[in-house]
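Next up, input08.txt (compact mmCIF, C-alpha atoms):
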```txt
# COMPACT_ATOMS: atom_id res chain seq x y z
CA MET A 1419 -18.07 -14.81 3.67
CA PHE A 1420 -14.75 -13.30 2.50
CA ILE A 1421 -14.06 -9.94 4.15
CA VAL A 1422 -11.55 -7.48 2.67
CA ILE A 1423 -10.56 -4.21 4.32
CA GLY A 1424 -8.58 -1.74 2.18
CA ILE A 1425 -6.62 1.13 3.71
CA SER A 1426 -5.49 4.04 1.55
CA GLY A 1427 -3.50 7.19 2.22
CA LYS A 1428 -0.39 9.09 1.30
CA ILE A 1429 3.16 8.28 2.46
CA GLY A 1430 3.41 8.58 6.23
CA THR A 1431 -0.29 8.94 7.05
CA GLY A 1432 -0.45 5.72 9.06
CA LYS A 1433 -1.69 3.06 6.61
CA SER A 1434 0.61 0.36 7.95
CA THR A 1435 -0.03 1.30 11.57
CA VAL A 1436 -3.83 1.18 11.17
CA SER A 1437 -3.53 -2.09 9.19
CA GLU A 1438 -1.36 -3.65 11.90
CA ILE A 1439 -3.73 -2.54 14.67
CA LEU A 1440 -6.72 -4.00 12.82
CA TYR A 1441 -4.81 -7.23 12.21
CA ARG A 1442 -3.81 -7.50 15.88
CA MET A 1443 -7.43 -6.83 16.86
CA GLY A 1444 -8.37 -9.93 14.88
CA LYS A 1445 -10.32 -8.11 12.16
CA ALA A 1446 -8.66 -10.28 9.50
CA GLN A 1447 -6.88 -13.60 9.17
CA ALA A 1448 -4.19 -12.10 6.92
CA TRP A 1449 -2.56 -8.76 6.17
CA ARG A 1450 -0.92 -8.16 2.82
CA ASP A 1451 -0.08 -5.08 0.78
CA PHE A 1452 -0.09 -4.70 -3.00
CA GLY A 1453 3.41 -3.32 -2.46
CA ASP A 1454 4.65 -6.62 -1.00
CA ALA A 1455 4.78 -8.17 -4.48
CA ILE A 1456 6.50 -5.07 -5.88
CA LYS A 1457 9.10 -5.19 -3.09
CA GLU A 1458 9.70 -8.90 -3.61
CA ASP A 1459 10.07 -8.47 -7.39
CA CYS A 1460 12.44 -5.50 -7.09
CA SER A 1461 14.57 -7.10 -4.38
CA GLU A 1462 15.09 -10.19 -6.51
CA ARG A 1463 15.45 -8.38 -9.84
CA PHE A 1464 17.81 -5.61 -8.68
CA GLY A 1465 19.71 -7.55 -6.01
CA PHE A 1466 19.08 -5.70 -2.77
CA PRO A 1467 17.96 -7.14 0.59
CA LEU A 1468 14.16 -7.32 0.83
CA GLU A 1469 14.21 -5.69 4.29
CA TRP A 1470 15.53 -2.46 2.71
CA ALA A 1471 12.15 -2.08 0.96
CA TYR A 1472 10.41 -2.10 4.36
CA SER A 1473 12.34 0.61 6.22
CA ALA A 1474 12.70 4.36 5.73
CA GLU A 1475 16.49 4.02 5.93
CA GLY A 1476 16.57 1.13 3.48
CA LYS A 1477 14.39 2.98 0.98
CA GLU A 1478 17.03 5.72 0.86
CA ARG A 1479 19.81 3.28 -0.10
CA VAL A 1480 21.18 3.70 -3.61
CA ILE A 1481 21.22 0.61 -5.82
CA PHE A 1482 23.51 0.27 -8.80
CA HIS A 1483 22.23 -2.04 -11.52
CA PRO A 1484 22.60 -1.94 -15.32
CA ASP A 1485 18.83 -2.32 -15.86
CA LEU A 1486 17.98 0.81 -13.85
CA PRO A 1487 17.58 4.20 -15.55
CA GLN A 1488 21.00 5.90 -15.45
CA GLY A 1489 22.33 2.73 -13.79
CA SER A 1490 21.31 3.63 -10.22
CA MET A 1491 18.33 4.68 -8.10
CA ARG A 1492 17.24 4.87 -4.48
CA VAL A 1493 15.20 1.86 -3.38
CA ARG A 1494 12.09 4.07 -2.88
CA HIS A 1495 12.32 5.29 -6.47
CA ILE A 1496 12.97 1.79 -7.81
CA LEU A 1497 9.72 0.61 -6.17
CA GLN A 1498 7.74 3.51 -7.63
CA TRP A 1499 9.37 3.26 -11.06
CA TRP A 1500 9.08 -0.53 -11.36
CA GLY A 1501 5.61 -0.75 -9.87
CA THR A 1502 4.06 2.10 -11.83
CA ASP A 1503 6.19 3.20 -14.77
CA VAL A 1504 7.14 -0.32 -15.88
CA CYS A 1505 4.62 -2.95 -14.72
CA ARG A 1506 1.43 -0.86 -14.47
CA LYS A 1507 2.26 0.86 -17.76
CA GLN A 1508 2.26 -2.55 -19.47
CA ASP A 1509 -0.90 -3.66 -17.64
CA PRO A 1510 -2.78 -1.40 -15.17
CA HIS A 1511 -4.10 -4.56 -13.47
CA HIS A 1512 -0.66 -6.21 -13.07
CA TRP A 1513 -0.51 -5.91 -9.26
CA VAL A 1514 -4.23 -6.67 -8.86
CA LYS A 1515 -3.63 -9.93 -10.74
CA LYS A 1516 -0.65 -10.68 -8.48
CA MET A 1517 -2.82 -10.07 -5.40
CA ASN A 1518 -5.59 -12.22 -6.81
CA SER A 1519 -3.07 -15.05 -7.32
CA TRP A 1520 -1.82 -14.63 -3.75
CA ILE A 1521 -5.40 -14.82 -2.42
CA THR A 1522 -6.11 -17.91 -4.56
CA VAL A 1523 -3.00 -19.70 -3.25
CA ASN A 1524 -3.29 -18.64 0.42
CA ARG A 1525 -7.11 -18.64 0.69
CA PRO A 1526 -7.56 -16.38 3.74
CA ASN A 1527 -11.16 -15.96 4.93
CA SER A 1528 -10.48 -12.29 5.66
CA LEU A 1529 -7.78 -9.89 4.55
CA ILE A 1530 -6.47 -6.40 5.25
CA LEU A 1531 -4.88 -4.70 2.25
CA GLY A 1532 -2.89 -1.85 3.72
CA ASP A 1533 -1.72 0.17 0.74
CA ILE A 1534 -4.50 0.94 -1.73
CA ARG A 1535 -2.98 3.45 -4.15
CA PHE A 1536 -4.69 3.09 -7.53
CA MET A 1537 -8.23 3.09 -8.90
CA GLU A 1538 -7.86 -0.51 -10.15
CA GLU A 1539 -6.99 -1.64 -6.62
CA ALA A 1540 -9.96 0.21 -5.10
CA GLU A 1541 -12.32 -1.20 -7.73
CA TYR A 1542 -10.94 -4.71 -7.10
CA ILE A 1543 -11.79 -4.43 -3.40
CA LEU A 1544 -15.26 -3.05 -4.11
CA HIS A 1545 -15.85 -5.83 -6.67
CA MET A 1546 -15.13 -8.37 -3.90
CA GLY A 1547 -17.64 -6.63 -1.64
CA GLY A 1548 -14.85 -5.16 0.46
CA TRP A 1549 -14.53 -2.05 2.57
CA LEU A 1550 -12.38 0.98 1.69
CA PHE A 1551 -11.03 3.54 4.16
CA ARG A 1552 -8.90 6.62 3.51
CA LEU A 1553 -6.41 8.27 5.84
CA GLU A 1554 -5.99 11.91 4.86
CA PRO A 1555 -2.80 13.74 5.85
CA TYR A 1556 -2.81 15.01 9.43
CA PRO A 1557 -2.78 18.82 9.95
CA GLU A 1558 1.03 19.09 10.40
CA TYR A 1559 1.79 16.79 7.42
CA HIS A 1560 4.57 17.80 5.03
CA ASN A 1561 4.78 16.01 1.70
CA PRO A 1562 7.89 13.77 1.88
CA PRO A 1563 10.19 12.74 -0.99
CA GLY A 1564 8.20 10.69 -3.47
CA GLY A 1565 4.94 12.27 -2.33
CA MET A 1566 4.12 13.75 -5.73
CA HIS A 1567 4.38 10.40 -7.56
CA THR A 1568 1.20 9.24 -9.29
CA SER A 1569 0.98 6.33 -6.82
CA GLU A 1570 0.43 8.94 -4.09
CA MET A 1571 -2.20 10.95 -5.98
CA ASP A 1572 -4.29 8.54 -8.09
CA LEU A 1573 -7.07 8.21 -5.48
CA ASP A 1574 -7.18 11.87 -4.38
CA GLU A 1575 -10.53 12.42 -6.13
CA PHE A 1576 -11.99 8.95 -5.44
CA SER A 1577 -15.29 9.14 -3.56
CA GLY A 1578 -16.18 5.50 -2.89
CA TRP A 1579 -14.77 5.35 0.65
CA HIS A 1580 -16.70 3.70 3.46
CA GLY A 1581 -14.91 6.05 5.81
CA ARG A 1582 -12.50 8.95 5.53
CA TYR A 1583 -10.30 10.06 8.43
CA ARG A 1584 -7.92 12.93 9.16
CA PRO A 1585 -6.42 11.91 12.50
CA SER A 1586 -3.85 14.00 14.31
CA PHE A 1587 -0.31 12.66 14.23
CA GLY A 1588 0.49 9.80 16.57
CA TYR A 1589 -0.28 6.21 17.50
CA LYS A 1590 -3.20 6.94 19.84
CA HIS A 1591 -5.04 8.81 17.08
CA LEU A 1592 -4.43 6.02 14.57
CA HIS A 1593 -5.57 3.50 17.16
CA ALA A 1594 -8.83 5.46 17.50
CA VAL A 1595 -9.29 5.28 13.71
CA ALA A 1596 -8.68 1.51 13.76
CA ARG A 1597 -11.26 1.07 16.54
CA GLU A 1598 -13.81 3.03 14.50
CA ILE A 1599 -13.11 0.95 11.38
CA ALA A 1600 -13.41 -2.21 13.46
CA GLN A 1601 -16.91 -1.11 14.53
CA ILE A 1602 -17.97 -0.51 10.91
CA VAL A 1603 -16.68 -3.75 9.35
CA PRO A 1604 -18.57 -6.90 10.42
```

Same coordinates, now as structure tokens:
Amino acid sequence: MFIVIGISGKIGTGKSTVSEILYRMGKAQAWRDFGDAIKEDCSERFGFPLEWAYSAEGKERVIFHPDLPQGSMRVRHILQWWGTDVCRKQDPHHWVKKMNSWITVNRPNSLILGDIRFMEEAEYILHMGGWLFRLEPYPEYHNPPGGMHTSEMDLDEFSGWHGRYRPSFGYKHLHAVAREIAQIVP
């Protein structure tokens, strides 16, 4: 039986931390994000080091490239623009298809998807019989740069979650959420 766990939430709510904890707990054989393919594509296409797409500091770096709007953008905005305004605009299932190809090639028996941001991604997980969990912003949360992008708001009204959490800020609270998810998912 193929098990898929999807984690959703806004920037900085702990999606990656909860995903990593679940992975380290052995709840899945693999951990991948829809954003991994976007980061790989953008790094190659626009010529910046892939690791910049994985750090807060790197995402603030400005990239100059003739194919970018106005010739330059911050890495964070390149990822949002390319992923949503270019690729998803041409095909709303573009990144779902990329993930499906990755699953077909790598054939994990269980998978954590740590960045569910769009309805098509949530529906894909539900179609596979997967589990969806939402991390709502903690009480002291302040919307960071990029927080009003459609990729941060598309699932705000979605109601098909298997669990919804609003943990306080900090690792111990996210660890408690991961333990609760681990008890729900077989």

Spatial neighbours of segment 1432-1447 of chain A, 9 Å, all atoms listed in the file, chain gap at least 4 places, as a count of residues only: 31

task: One decimal, Å: what's the distance from atom CA of Met1546 of chain A over to atom CA of Cys1460 of chain A, could you say?
output: 27.9 Å

statement: Between A:Asn1561, A:Ser1586, A:Asn1518, A:Ser1577, smallest distance to Ile1429 of chain A by all atoms listed in the file belongs to A:Asn1561

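Interatomic distance, atom CA of His1511 of chain A to atom CA of Glu1539 of chain A: 8.0 Å.
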
task: For Arg1506 of chain A, work out the shell of residues within 12 Å, counting only C-alpha atoms and skipping chain neighbours fewer than 5 positions away, then give it as JSON, numbers by chain.
output: {"A": [1456, 1497, 1498, 1499, 1500, 1501, 1511, 1512, 1513, 1514, 1515, 1516, 1536, 1537, 1538, 1539, 1568, 1569]}

task: Find the residue from A:Ala1455, A:Leu1486, A:Ala1540, A:Val1523 that sits nearest to Phe1576 of chain A; use all atoms listed in the file when measuring.
output: A:Ala1540

message: Which residues are close to segment 1471-1484 of chain A, i.e. within 12 Å by all atoms listed in the file, leaving aside same-chain residues fewer than 3 positions away? Reply as a PyMOL selection string.
response: chain A and resi 1429-1430+1434+1451+1453-1468+1487-1498+1562-1564

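What separates atom CA of Gln1508 of chain A from atom CA of Glu1469 of chain A is a distance of 26.8 Å.
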